[in-house]
Structures are given as C-alpha cells and as structure tokens.
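Q: Got start_34.cif for you, mmCIF, C-alpha atoms:
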```cif
data_coords
#
loop_
_atom_site.label_atom_id
_atom_site.label_comp_id
_atom_site.auth_asym_id
_atom_site.auth_seq_id
_atom_site.Cartn_x
_atom_site.Cartn_y
_atom_site.Cartn_z
CA MET H 1 62.32 14.49 52.15
CA ALA H 2 64.37 11.75 53.81
CA THR H 3 65.06 11.97 57.51
CA THR H 4 68.71 12.62 58.30
CA PHE H 5 70.49 11.53 61.46
CA SER H 6 73.69 12.70 63.11
CA GLU H 7 76.51 10.41 61.98
CA ASN H 8 77.89 8.18 64.75
CA LYS H 9 75.53 9.76 67.26
CA ILE H 10 73.82 7.31 69.60
CA SER H 11 70.33 7.93 70.94
CA ILE H 12 69.92 6.25 74.33
CA ILE H 13 66.31 5.79 75.41
CA ILE H 14 65.34 5.09 79.02
CA PRO H 15 61.67 4.47 79.87
CA VAL H 16 61.15 5.29 83.55
CA TYR H 17 58.37 4.22 85.89
CA ASN H 18 58.84 4.41 89.67
CA ALA H 19 62.53 3.61 89.45
CA ALA H 20 63.83 6.22 91.91
CA ARG H 21 65.88 3.63 93.75
CA TYR H 22 67.97 2.82 90.65
CA LEU H 23 67.96 5.95 88.50
CA GLU H 24 71.08 7.63 89.80
CA LYS H 25 73.23 4.61 88.97
CA SER H 26 71.52 4.04 85.62
CA ILE H 27 71.71 7.63 84.36
CA SER H 28 75.21 8.18 85.77
CA SER H 29 76.45 5.12 83.88
CA VAL H 30 75.42 6.86 80.65
CA LEU H 31 76.88 10.25 81.49
CA GLN H 32 80.19 8.63 82.47
CA GLN H 33 80.69 6.92 79.10
CA ASP H 34 84.08 7.31 77.44
CA TYR H 35 82.18 8.00 74.19
CA HIS H 36 80.48 11.39 74.30
CA ASN H 37 78.49 11.80 71.08
CA PHE H 38 75.13 10.68 72.39
CA GLU H 39 71.77 12.03 73.41
CA LEU H 40 69.95 10.61 76.42
CA ILE H 41 66.19 10.57 76.03
CA ILE H 42 64.34 9.86 79.27
CA ILE H 43 60.61 9.17 79.10
CA ASP H 44 59.00 9.32 82.53
CA ASP H 45 55.96 7.10 82.21
CA GLY H 46 53.75 8.73 84.84
CA SER H 47 55.90 7.85 87.84
CA THR H 48 54.30 8.39 91.25
CA ASP H 49 57.56 8.34 93.23
CA THR H 50 60.46 10.81 92.97
CA SER H 51 61.70 9.47 89.61
CA PHE H 52 60.73 12.53 87.58
CA HIS H 53 62.37 14.89 90.07
CA ILE H 54 65.59 12.85 89.93
CA CYS H 55 65.54 12.99 86.13
CA GLN H 56 64.93 16.76 86.23
CA GLU H 57 68.02 17.26 88.41
CA PHE H 58 70.16 15.28 85.96
CA ALA H 59 68.70 17.18 82.98
CA LYS H 60 69.84 20.46 84.56
CA THR H 61 73.45 19.27 84.53
CA ASP H 62 73.80 17.94 80.96
CA GLN H 63 72.36 19.41 77.78
CA ARG H 64 72.49 16.02 76.07
CA ILE H 65 69.52 14.93 78.20
CA THR H 66 65.98 15.27 76.85
CA LEU H 67 63.31 14.61 79.47
CA LYS H 68 59.64 14.08 78.71
CA HIS H 69 56.83 13.26 81.15
CA ILE H 70 53.79 11.34 79.90
CA ASP H 71 50.75 9.73 81.48
CA ASN H 72 51.36 6.13 82.45
CA SER H 73 50.89 3.94 79.38
CA GLY H 74 53.56 1.24 79.68
CA PRO H 75 57.18 0.81 78.55
CA ALA H 76 56.25 0.01 74.94
CA ASN H 77 54.65 3.41 74.39
CA ALA H 78 57.45 5.15 76.30
CA ARG H 79 60.04 3.57 74.00
CA ASN H 80 58.01 4.49 70.93
CA ILE H 81 57.93 8.13 72.03
CA GLY H 82 61.66 8.00 72.65
CA VAL H 83 62.27 6.66 69.13
CA HIS H 84 60.16 9.45 67.69
CA LEU H 85 62.39 12.01 69.43
CA CYS H 86 65.77 10.45 68.66
CA THR H 87 68.16 12.05 66.17
CA GLY H 88 71.09 9.63 66.40
CA GLU H 89 72.30 7.25 63.73
CA PHE H 90 71.90 4.43 66.24
CA THR H 91 69.30 3.70 68.92
CA PHE H 92 70.17 2.05 72.24
CA PHE H 93 67.56 1.05 74.84
CA LEU H 94 68.45 1.02 78.53
CA ASP H 95 66.09 -0.04 81.32
CA ALA H 96 65.86 2.37 84.24
CA ASP H 97 67.11 -0.19 86.78
CA ASP H 98 70.03 -1.38 84.64
CA TYR H 99 73.40 0.24 83.99
CA ILE H 100 76.21 0.03 81.47
CA ASN H 101 79.99 -0.15 81.77
CA LYS H 102 82.00 2.98 80.99
CA GLU H 103 83.16 1.65 77.62
CA ALA H 104 79.84 0.13 76.48
CA LEU H 105 79.00 2.69 73.80
CA SER H 106 82.52 2.92 72.38
CA ILE H 107 82.78 -0.89 72.14
CA ALA H 108 79.38 -1.19 70.47
CA LEU H 109 79.93 1.67 68.03
CA LYS H 110 83.40 0.51 66.98
CA ALA H 111 82.11 -3.00 66.33
CA ILE H 112 79.06 -2.04 64.29
CA LYS H 113 81.02 0.47 62.19
CA GLU H 114 83.67 -2.14 61.39
CA SER H 115 81.24 -4.95 60.57
CA HIS H 116 78.55 -2.80 58.89
CA ALA H 117 76.01 -4.96 60.73
CA ASP H 118 72.35 -4.07 60.91
CA LEU H 119 72.21 -4.89 64.61
CA LEU H 120 74.87 -4.97 67.34
CA ILE H 121 74.19 -7.07 70.44
CA LEU H 122 76.28 -6.68 73.58
CA ASP H 123 76.51 -9.55 76.01
CA PHE H 124 75.34 -8.76 79.54
CA LYS H 125 75.76 -9.69 83.16
CA LYS H 126 72.86 -10.55 85.44
CA VAL H 127 72.95 -8.58 88.70
CA ILE H 128 71.43 -10.59 91.55
CA ASN H 129 71.69 -9.23 95.09
CA GLY H 130 74.66 -7.12 94.03
CA GLN H 131 76.59 -10.03 92.51
CA LEU H 132 77.33 -10.43 88.79
CA PHE H 133 76.53 -13.62 86.91
CA PRO H 134 77.07 -14.48 83.22
CA SER H 135 74.14 -14.45 80.82
CA LEU H 136 72.95 -17.58 79.07
CA ASN H 137 74.34 -16.11 75.85
CA SER H 138 77.79 -17.18 76.99
CA ARG H 139 76.71 -20.82 76.70
CA HIS H 140 76.04 -20.38 73.01
CA PHE H 141 78.78 -17.91 72.03
CA SER H 142 82.34 -18.13 73.33
CA SER H 143 83.60 -15.16 71.33
CA ASN H 144 82.49 -12.29 69.12
CA GLU H 145 80.48 -13.57 66.20
CA ILE H 146 78.91 -12.34 62.97
CA LEU H 147 75.49 -13.87 62.34
CA LEU H 148 74.22 -13.89 58.79
CA THR H 149 70.74 -15.08 57.87
CA PRO H 150 71.41 -18.86 58.27
CA LYS H 151 72.79 -18.39 61.80
CA ILE H 152 70.06 -15.91 62.71
CA LYS H 153 67.56 -18.52 61.61
CA ASP H 154 69.31 -21.16 63.77
CA SER H 155 69.18 -18.81 66.77
CA ALA H 156 65.47 -18.26 66.18
CA LEU H 157 64.92 -22.02 66.14
CA ASN H 158 66.96 -22.33 69.35
CA TYR H 159 64.61 -19.81 70.95
CA LEU H 160 61.58 -21.85 69.93
CA ASN H 161 63.21 -24.98 71.30
CA ALA H 162 63.89 -23.42 74.72
CA PRO H 163 62.55 -19.85 75.07
CA ASN H 164 63.69 -19.53 78.68
CA ARG H 165 67.28 -20.50 77.89
CA ASN H 166 68.02 -18.45 74.77
CA PRO H 167 68.01 -14.71 75.57
CA LEU H 168 69.69 -13.47 72.37
CA PHE H 169 66.43 -12.05 70.99
CA ALA H 170 64.48 -11.88 74.25
CA TYR H 171 65.36 -8.26 75.04
CA SER H 172 65.58 -4.96 73.20
CA TRP H 173 68.03 -3.37 75.65
CA GLY H 174 71.80 -3.57 75.35
CA ARG H 175 72.05 -3.36 71.57
CA LEU H 176 72.52 -0.85 68.79
CA PHE H 177 69.66 -0.63 66.29
CA ARG H 178 70.02 1.44 63.14
CA THR H 179 67.58 4.29 63.57
CA ASP H 180 66.92 4.62 59.86
CA ILE H 181 65.73 1.00 59.68
CA ILE H 182 63.30 1.58 62.56
CA LYS H 183 61.92 4.82 61.12
CA LYS H 184 61.92 3.85 57.45
CA HIS H 185 59.82 0.77 58.16
CA GLN H 186 57.79 2.46 60.92
CA LEU H 187 58.71 -0.22 63.43
CA SER H 188 57.35 0.19 66.93
CA PHE H 189 56.71 -1.70 70.14
CA ASN H 190 53.19 -3.12 70.32
CA THR H 191 51.46 -1.10 73.04
CA GLU H 192 48.76 -3.76 73.40
CA LEU H 193 51.35 -6.23 74.73
CA HIS H 194 52.37 -6.20 78.38
CA THR H 195 54.95 -8.99 78.12
CA PHE H 196 57.24 -10.27 75.33
CA GLU H 197 56.88 -7.02 73.38
CA ASP H 198 60.69 -6.96 73.04
CA VAL H 199 60.70 -10.28 71.18
CA THR H 200 58.01 -9.13 68.78
CA PHE H 201 59.88 -5.88 68.09
CA ASN H 202 63.19 -7.69 67.58
CA PHE H 203 61.82 -10.07 64.98
CA ASN H 204 59.95 -7.33 63.16
CA TYR H 205 63.32 -5.56 62.98
CA LEU H 206 65.10 -8.74 61.87
CA HIS H 207 62.81 -8.89 58.84
CA ARG H 208 64.88 -5.94 57.59
CA CYS H 209 68.29 -7.32 58.63
CA ASN H 210 70.94 -9.39 56.93
CA LYS H 211 73.74 -9.23 59.47
CA ILE H 212 74.03 -9.21 63.28
CA HIS H 213 77.25 -8.60 65.20
CA TYR H 214 77.31 -10.23 68.63
CA ILE H 215 79.92 -8.93 71.08
CA HIS H 216 81.02 -11.35 73.78
CA ILE H 217 82.00 -8.50 76.11
CA ALA H 218 79.40 -8.14 78.87
CA ALA H 219 79.20 -4.34 79.00
CA TYR H 220 75.51 -4.21 80.00
CA ASN H 221 74.31 -5.05 83.52
CA HIS H 222 70.75 -6.30 83.92
CA LEU H 223 69.24 -6.20 87.38
CA ILE H 224 67.26 -9.27 88.42
CA HIS H 225 64.92 -8.27 91.23
CA ASP H 226 64.79 -10.59 94.20
CA GLY H 227 61.51 -11.84 95.54
CA PHE H 228 58.41 -13.67 94.37
CA GLY H 229 56.45 -10.65 93.15
CA SER H 230 59.10 -9.45 90.72
CA ALA H 231 59.81 -12.96 89.50
CA THR H 232 56.20 -13.53 88.59
CA MET H 233 55.13 -10.06 87.44
CA THR H 234 52.06 -8.71 89.18
CA ILE H 235 48.98 -9.71 87.24
CA GLY H 236 46.59 -7.17 88.78
CA ASN H 237 43.21 -7.22 87.06
CA ASN H 238 44.64 -8.38 83.76
CA PRO H 239 45.89 -11.99 84.05
CA GLU H 240 45.67 -12.54 80.28
CA LYS H 241 48.67 -10.24 79.78
CA LEU H 242 50.92 -13.13 80.80
CA PHE H 243 49.86 -14.91 77.61
CA ASP H 244 51.11 -12.14 75.31
CA PHE H 245 53.94 -14.46 74.27
CA LYS H 246 51.78 -15.88 71.49
CA SER H 247 52.33 -12.70 69.48
CA ALA H 248 56.10 -13.06 69.94
CA ILE H 249 56.13 -16.70 68.87
CA PHE H 250 54.05 -15.97 65.79
CA SER H 251 56.42 -13.12 64.85
CA ILE H 252 59.30 -15.63 65.01
CA ARG H 253 57.32 -18.03 62.83
CA ASP H 254 56.76 -15.26 60.29
CA TYR H 255 60.48 -14.48 60.25
CA LEU H 256 61.36 -18.14 59.70
CA LYS H 257 58.83 -18.40 56.89
CA LYS H 258 60.47 -15.39 55.27
CA CYS H 259 63.82 -17.19 55.44
CA SER H 260 62.48 -20.54 54.21
CA PRO H 261 58.98 -20.21 52.75
CA SER H 262 58.69 -23.92 51.96
CA ASP H 263 59.51 -25.16 55.48
CA ASP H 264 56.86 -26.01 58.06
CA TYR H 265 57.49 -24.76 61.59
CA THR H 266 54.27 -26.03 63.17
CA GLN H 267 56.08 -28.43 65.51
CA GLN H 268 58.63 -25.87 66.76
CA VAL H 269 55.96 -23.21 67.27
CA GLY H 270 53.71 -25.67 69.10
CA HIS H 271 56.51 -26.69 71.42
CA ALA H 272 57.41 -23.06 72.19
CA ILE H 273 53.79 -22.08 72.84
CA THR H 274 53.38 -25.02 75.23
CA THR H 275 56.66 -24.29 77.02
CA LEU H 276 55.77 -20.65 77.61
CA THR H 277 52.19 -21.53 78.57
CA ILE H 278 53.53 -23.74 81.37
CA ILE H 279 56.03 -21.11 82.54
CA GLN H 280 53.40 -18.37 82.62
CA LEU H 281 50.80 -20.60 84.28
CA VAL H 282 53.19 -21.18 87.16
CA ARG H 283 53.77 -17.43 87.46
CA MET H 284 50.07 -16.69 87.27
CA CYS H 285 48.88 -19.36 89.69
CA GLY H 286 51.62 -18.45 92.14
CA GLN H 287 49.64 -15.25 92.74
CA ILE H 288 46.21 -16.84 92.96
CA ASN H 289 43.92 -15.97 95.87
CA THR H 290 40.20 -15.93 96.65
CA SER H 291 39.66 -12.56 94.99
CA ASN H 292 41.32 -13.35 91.67
CA PHE H 293 40.62 -17.09 91.37
CA LEU H 294 37.64 -16.69 89.02
CA PRO H 295 39.35 -14.25 86.59
CA ILE H 296 42.41 -16.50 86.48
CA TYR H 297 40.27 -19.60 85.95
CA ASN H 298 38.36 -17.93 83.11
CA THR H 299 41.55 -16.60 81.52
CA ILE H 300 43.20 -20.03 81.54
CA ASN H 301 40.06 -21.76 80.27
CA THR H 302 39.64 -19.28 77.42
CA PHE H 303 43.29 -19.40 76.41
CA ILE H 304 43.82 -23.16 76.38
CA SER H 305 40.46 -23.71 74.63
CA THR H 306 41.37 -21.48 71.70
CA PRO H 307 41.74 -23.89 68.74
CA GLU H 308 44.97 -22.25 67.51
CA ILE H 309 46.54 -22.64 70.96
CA LYS H 310 45.04 -26.02 71.81
CA ASN H 311 46.48 -27.46 68.62
CA CYS H 312 49.97 -26.49 69.80
CA PHE H 313 49.97 -28.68 72.90
CA LYS H 314 50.36 -31.94 70.99
CA TYR H 315 53.76 -30.82 69.66
CA TYR H 316 55.39 -30.43 73.07
CA LYS H 317 58.53 -32.48 73.63
CA ALA H 318 59.38 -32.80 77.31
CA GLU H 319 63.10 -32.84 78.02
CA LYS H 320 64.58 -34.27 81.19
CA GLY H 321 63.34 -32.32 84.19
CA ASN H 322 60.43 -30.72 82.32
CA SER H 323 56.80 -31.27 83.14
CA VAL H 324 55.03 -34.22 81.58
CA VAL H 325 51.72 -34.00 83.41
CA MET H 326 51.07 -30.32 82.66
CA PRO H 327 50.94 -30.78 78.85
CA TYR H 328 48.50 -33.65 79.41
CA PHE H 329 46.22 -31.43 81.51
CA LEU H 330 46.43 -28.71 78.87
CA ARG H 331 45.59 -31.07 76.01
CA SER H 332 42.67 -32.45 78.02
CA GLY H 333 41.36 -29.04 79.01
CA LEU H 334 41.58 -29.86 82.73
CA VAL H 335 41.69 -26.33 84.13
CA ILE H 336 41.41 -27.12 87.84
CA ALA H 337 44.13 -29.77 87.62
CA THR H 338 46.27 -27.28 85.70
CA ILE H 339 45.79 -24.62 88.39
CA ILE H 340 46.54 -26.97 91.28
CA THR H 341 49.70 -28.28 89.61
CA SER H 342 50.81 -24.75 88.74
CA MET H 343 50.26 -23.60 92.34
CA TYR H 344 52.37 -26.49 93.59
CA LYS H 345 55.17 -25.70 91.14
CA ALA H 346 55.07 -22.00 92.06
CA ALA H 347 55.27 -22.78 95.78
CA LYS H 348 58.23 -25.07 95.16
CA ARG H 349 60.03 -22.71 92.78
CA TYR H 350 59.48 -19.49 94.70
CA LYS H 351 59.49 -21.14 98.13
CA ARG H 352 56.21 -19.72 99.28
#
```
If you took the structure in this file and wrote it as structure tokens, what would it be?
A:
Amino acid sequence: MATTFSENKISIIIPVYNAARYLEKSISSVLQQDYHNFELIIIDDGSTDTSFHICQEFAKTDQRITLKHIDNSGPANARNIGVHLCTGEFTFFLDADDYINKEALSIALKAIKESHADLLILDFKKVINGQLFPSLNSRHFSSNEILLTPKIKDSALNYLNAPNRNPLFAYSWGRLFRTDIIKKHQLSFNTELHTFEDVTFNFNYLHRCNKIHYIHIAAYNHLIHDGFGSATMTIGNNPEKLFDFKSAIFSIRDYLKKCSPSDDYTQQVGHAITTLTIIQLVRMCGQINTSNFLPIYNTINTFISTPEIKNCFKYYKAEKGNSVVMPYFLRSGLVIATIITSMYKAAKRYKR
C-alpha cells in the first residue's frame, strides 16, 4: 500500500546537539510562520547541555511539535529518523542554530506548487557576529530561476570547478524536498560521513529530479560561528572525516554521467578533489599538536597515496590566488612539506 502524505503539509526537521544557546530563536522562527500547516520534528541527538529541556518546554506549548531523544549518532542519522517520522507532502531541514523569516514557508510552498518543481531552494543570508551578508548564490542568480536538467548539470560543473564558491547544492537546509521522492527511493543521509553528507544526499535526490525552482528571496538565515575551532571543525580522534568529500564528488560525477553518459568528467573531478584536499588540509593542520601529529600524518599519507586520489592531483588548475606549491607536494607525496605549508596557511587564514 502506497504511503500517503498530508497535502500541502510541510515537515520541518531540526537535528539538535548541544544547541541550547540558539534553540529558542530557531524554534520560535518556525512557530511564528505565517503558514501554519506544518509539523516540527525535533531530534535531540544526545545533547549534554539543556537543549532537550528547552525542546520539551516548546513541545508542551504546540501540538505540532514532535520531540524525540536519541543517543548521539550525528546529524545524518538524526535527519534520517526525522524523515522516517514525517507525514508532510514536503520536507524542510533546519539547523538548530539557524532561523527562518516569518514568510519562509509560505514563499517556498507557493513557488513549488506553481512551478511543480521537484526541489525548491530558498536563497539565504549568512549571519556573522549578528550581521547579515548575502550568500554566494546571489553571484550566480540575480532573480528567481527554474533549472531544468541542462542548467542543473551546469551548476554541478560549477561546483566541481570551485566547490567553496558554489553553495547551491552544498547544503540540505533551506529547501523543500518532496517527501514521496525521498521515501519512494529510500534516500537517506550517509551516516558514515561526518562532512559533505549534504552534498551526497542532494545529488542522490537530483537523480530523481527534472526541475528545480530557485527563489532569490533570502528567507533562511545561516549562522556562521566565529572563531578558529568552528571554522575548522574539531577533528578529535578521527582526522580522516575531513576527507569525506570524496564521496560527495563521486556522487556528482555519477549524476553528470547520468545526464551525459558519453562525456568524461575525469578532469573536473580531479580538480575538485584537489581543491577540497587543499582546503581540508589547511583546516586539519591548523589543529595539529604534539598529541595528534602522528594520526594526522598517517591520515594524510594514506589519503594522498590512494591511487584513485593521487591520480586526481594532476588535473588541478590553479586560478589566480590559489596555491601552486601545494598540488606539487601532493603529487610528489611530500607529506611533511604538505603539513608545514598547511600549518602556515592556517595560521595566516585564521590568524593564530
């Protein structure tokens, strides 16, 4: 028997982990929407602060809130559990430290119903120290736009060309997915990934899409945390998690091959892998110390020595301002030189 969903109902999923400082603003922004046919599914991912208590207090005030507490297992699993619980026609992901404008849901729903798109993407503002800044999407789109397969393919290629400057498919939050597409094809976030799991999910979803509706209105607000630690992501005892981007890049390659089976994307994939390797090396080596030096060294050595990855480095095309020496070190397998250069770049970038 086919699963049925409430027509025009939006399921909003918030994974929560130690976000007590931001939750009131985030949850309140949902409850204050001018569109009321939604359910808010909050998955507390084993928080150790007062997050769960805050969510409980909100759940007492609004019957549209479903709250579930799970053992800590990461945002990917929390989102998957949220999807399993949702009953809305559309699914909307919201991060616990972000918030949405009062009209966000009504704008998104009106647009996707009119265009019959498979995916609706809202533009967003970056929130840095309380100030709002435009997203990089605004450089590529000056107005609302319908993207059919050829333009989706172009956007995917743009991502491979400059992954850090093309956020259209970098995030799963701030967009309306059709719940029936997710559930029919059993799509889920890869719980083995700690980074870039959004990109992998997005392109697995895009395999089932023919039309995207991008809305130029920035109705989503994404908090950028200040400070070195948040900018680099704490590596803990698992430095290899910063190299999870390879799964995302290969999912993009698979999507492009679906669009144009006869085309070869080796060069674009190689360039993207090298670009993200350099970015993540700087983040990783910015956190290096005497206790984690050996694990980081071994992780880098193993990763850049993998034939599939090593073959990518020769396709890197350095644009003005990009590193030229780092790709050389990577191609040559010079791990110590790579670490020293990455430490220098991290100190310069994050002013440590």
Q: Evaluated on this file, the PyMOL selection byres ((chain H and resi 208) around 10) picks out some residues - which ones are they, written as a PyMOL selection string?
A: chain H and resi 118+181-182+185+203-207+209-211+255
Q: Take the PyMOL selection byres ((chain H and resi 167) around 10), apply it to the structure above, and return the hits as an MDAnalysis selection string.
A: chainID H and resid 123 135:137 155 158:159 162:166 168:171 199
Q: Leaving out region 213-218 of chain H and any residue of its chain fewer than 5 positions from it, which residues lie within 6 Å of it when counting all atoms listed in the file, given as JSON, numbers by chain?
A: {"H": [117, 120, 121, 122, 123, 124, 125, 143, 144, 145, 146]}
Q: For a quick check of understanding, using all atoms listed in the file, which of H:Gly333, H:Gly130, H:Pro295, H:Gly88 has the smallest distance to Lys9 (chain H)?
A: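 Of H:Gly333, H:Gly130, H:Pro295, H:Gly88, the one nearest Lys9 (chain H), counting all atoms listed in the file, is H:Gly88.
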Q: When you count all atoms listed in the file, which of these residues is closest to Ala318 (chain H): H:Ala20, H:Ala272, H:Leu281, H:Ile300?
A: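 Checking each of H:Ala20, H:Ala272, H:Leu281, H:Ile300 against Ala318 (chain H), counting all atoms listed in the file, the winner is H:Ala272.
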Q: Mind completing region 93-116 of chain H with N, CA and C atoms? Output as a JSON list (two decimals), in the coordinates of the input, please?
A:
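As written to disk, selection_9.json reads:
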```
[["chain", "number", "residue", "atom", "x", "y", "z"],
["H", 93, "PHE", "N", 68.53, 1.05, 73.74],
["H", 93, "PHE", "CA", 67.56, 1.05, 74.84],
["H", 93, "PHE", "C", 68.24, 0.60, 76.14],
["H", 94, "LEU", "N", 67.93, 1.33, 77.20],
["H", 94, "LEU", "CA", 68.45, 1.02, 78.53],
["H", 94, "LEU", "C", 67.30, 1.03, 79.51],
["H", 95, "ASP", "N", 67.13, -0.04, 80.29],
["H", 95, "ASP", "CA", 66.09, -0.04, 81.32],
["H", 95, "ASP", "C", 66.53, 0.80, 82.51],
["H", 96, "ALA", "N", 65.56, 1.39, 83.19],
["H", 96, "ALA", "CA", 65.86, 2.37, 84.24],
["H", 96, "ALA", "C", 66.54, 1.76, 85.47],
["H", 97, "ASP", "N", 66.45, 0.45, 85.64],
["H", 97, "ASP", "CA", 67.11, -0.19, 86.78],
["H", 97, "ASP", "C", 68.39, -0.91, 86.38],
["H", 98, "ASP", "N", 68.78, -0.78, 85.12],
["H", 98, "ASP", "CA", 70.03, -1.38, 84.64],
["H", 98, "ASP", "C", 71.10, -0.30, 84.49],
["H", 99, "TYR", "N", 72.32, -0.72, 84.22],
["H", 99, "TYR", "CA", 73.40, 0.24, 83.99],
["H", 99, "TYR", "C", 74.43, -0.38, 83.05],
["H", 100, "ILE", "N", 75.24, 0.49, 82.45],
["H", 100, "ILE", "CA", 76.21, 0.03, 81.47],
["H", 100, "ILE", "C", 77.63, 0.38, 81.90],
["H", 101, "ASN", "N", 78.58, -0.42, 81.47],
["H", 101, "ASN", "CA", 79.99, -0.15, 81.77],
["H", 101, "ASN", "C", 80.46, 1.10, 81.03],
["H", 102, "LYS", "N", 81.52, 1.70, 81.51],
["H", 102, "LYS", "CA", 82.00, 2.98, 80.99],
["H", 102, "LYS", "C", 82.30, 2.92, 79.50],
["H", 103, "GLU", "N", 82.75, 1.78, 79.01],
["H", 103, "GLU", "CA", 83.16, 1.65, 77.62],
["H", 103, "GLU", "C", 82.09, 1.02, 76.73],
["H", 104, "ALA", "N", 80.88, 0.85, 77.22],
["H", 104, "ALA", "CA", 79.84, 0.13, 76.48],
["H", 104, "ALA", "C", 79.55, 0.74, 75.12],
["H", 105, "LEU", "N", 79.34, 2.04, 75.06],
["H", 105, "LEU", "CA", 79.00, 2.69, 73.80],
["H", 105, "LEU", "C", 80.15, 2.66, 72.80],
["H", 106, "SER", "N", 81.36, 2.91, 73.28],
["H", 106, "SER", "CA", 82.52, 2.92, 72.38],
["H", 106, "SER", "C", 82.77, 1.53, 71.80],
["H", 107, "ILE", "N", 82.62, 0.49, 72.63],
["H", 107, "ILE", "CA", 82.78, -0.89, 72.14],
["H", 107, "ILE", "C", 81.73, -1.20, 71.08],
["H", 108, "ALA", "N", 80.48, -0.87, 71.39],
["H", 108, "ALA", "CA", 79.38, -1.19, 70.47],
["H", 108, "ALA", "C", 79.52, -0.43, 69.16],
["H", 109, "LEU", "N", 79.83, 0.86, 69.24],
["H", 109, "LEU", "CA", 79.93, 1.67, 68.03],
["H", 109, "LEU", "C", 81.09, 1.21, 67.15],
["H", 110, "LYS", "N", 82.24, 0.96, 67.75],
["H", 110, "LYS", "CA", 83.40, 0.51, 66.98],
["H", 110, "LYS", "C", 83.08, -0.79, 66.24],
["H", 111, "ALA", "N", 82.41, -1.70, 66.92],
["H", 111, "ALA", "CA", 82.11, -3.00, 66.33],
["H", 111, "ALA", "C", 81.13, -2.89, 65.17],
["H", 112, "ILE", "N", 80.07, -2.11, 65.34],
["H", 112, "ILE", "CA", 79.06, -2.04, 64.29],
["H", 112, "ILE", "C", 79.57, -1.25, 63.09],
["H", 113, "LYS", "N", 80.45, -0.29, 63.32],
["H", 113, "LYS", "CA", 81.02, 0.47, 62.19],
["H", 113, "LYS", "C", 81.98, -0.40, 61.40],
["H", 114, "GLU", "N", 82.71, -1.27, 62.08],
["H", 114, "GLU", "CA", 83.67, -2.14, 61.39],
["H", 114, "GLU", "C", 82.97, -3.26, 60.62],
["H", 115, "SER", "N", 81.91, -3.80, 61.19],
["H", 115, "SER", "CA", 81.24, -4.95, 60.57],
["H", 115, "SER", "C", 80.13, -4.54, 59.61],
["H", 116, "HIS", "N", 79.67, -3.28, 59.70],
["H", 116, "HIS", "CA", 78.55, -2.80, 58.89],
["H", 116, "HIS", "C", 77.31, -3.66, 59.13]]
```
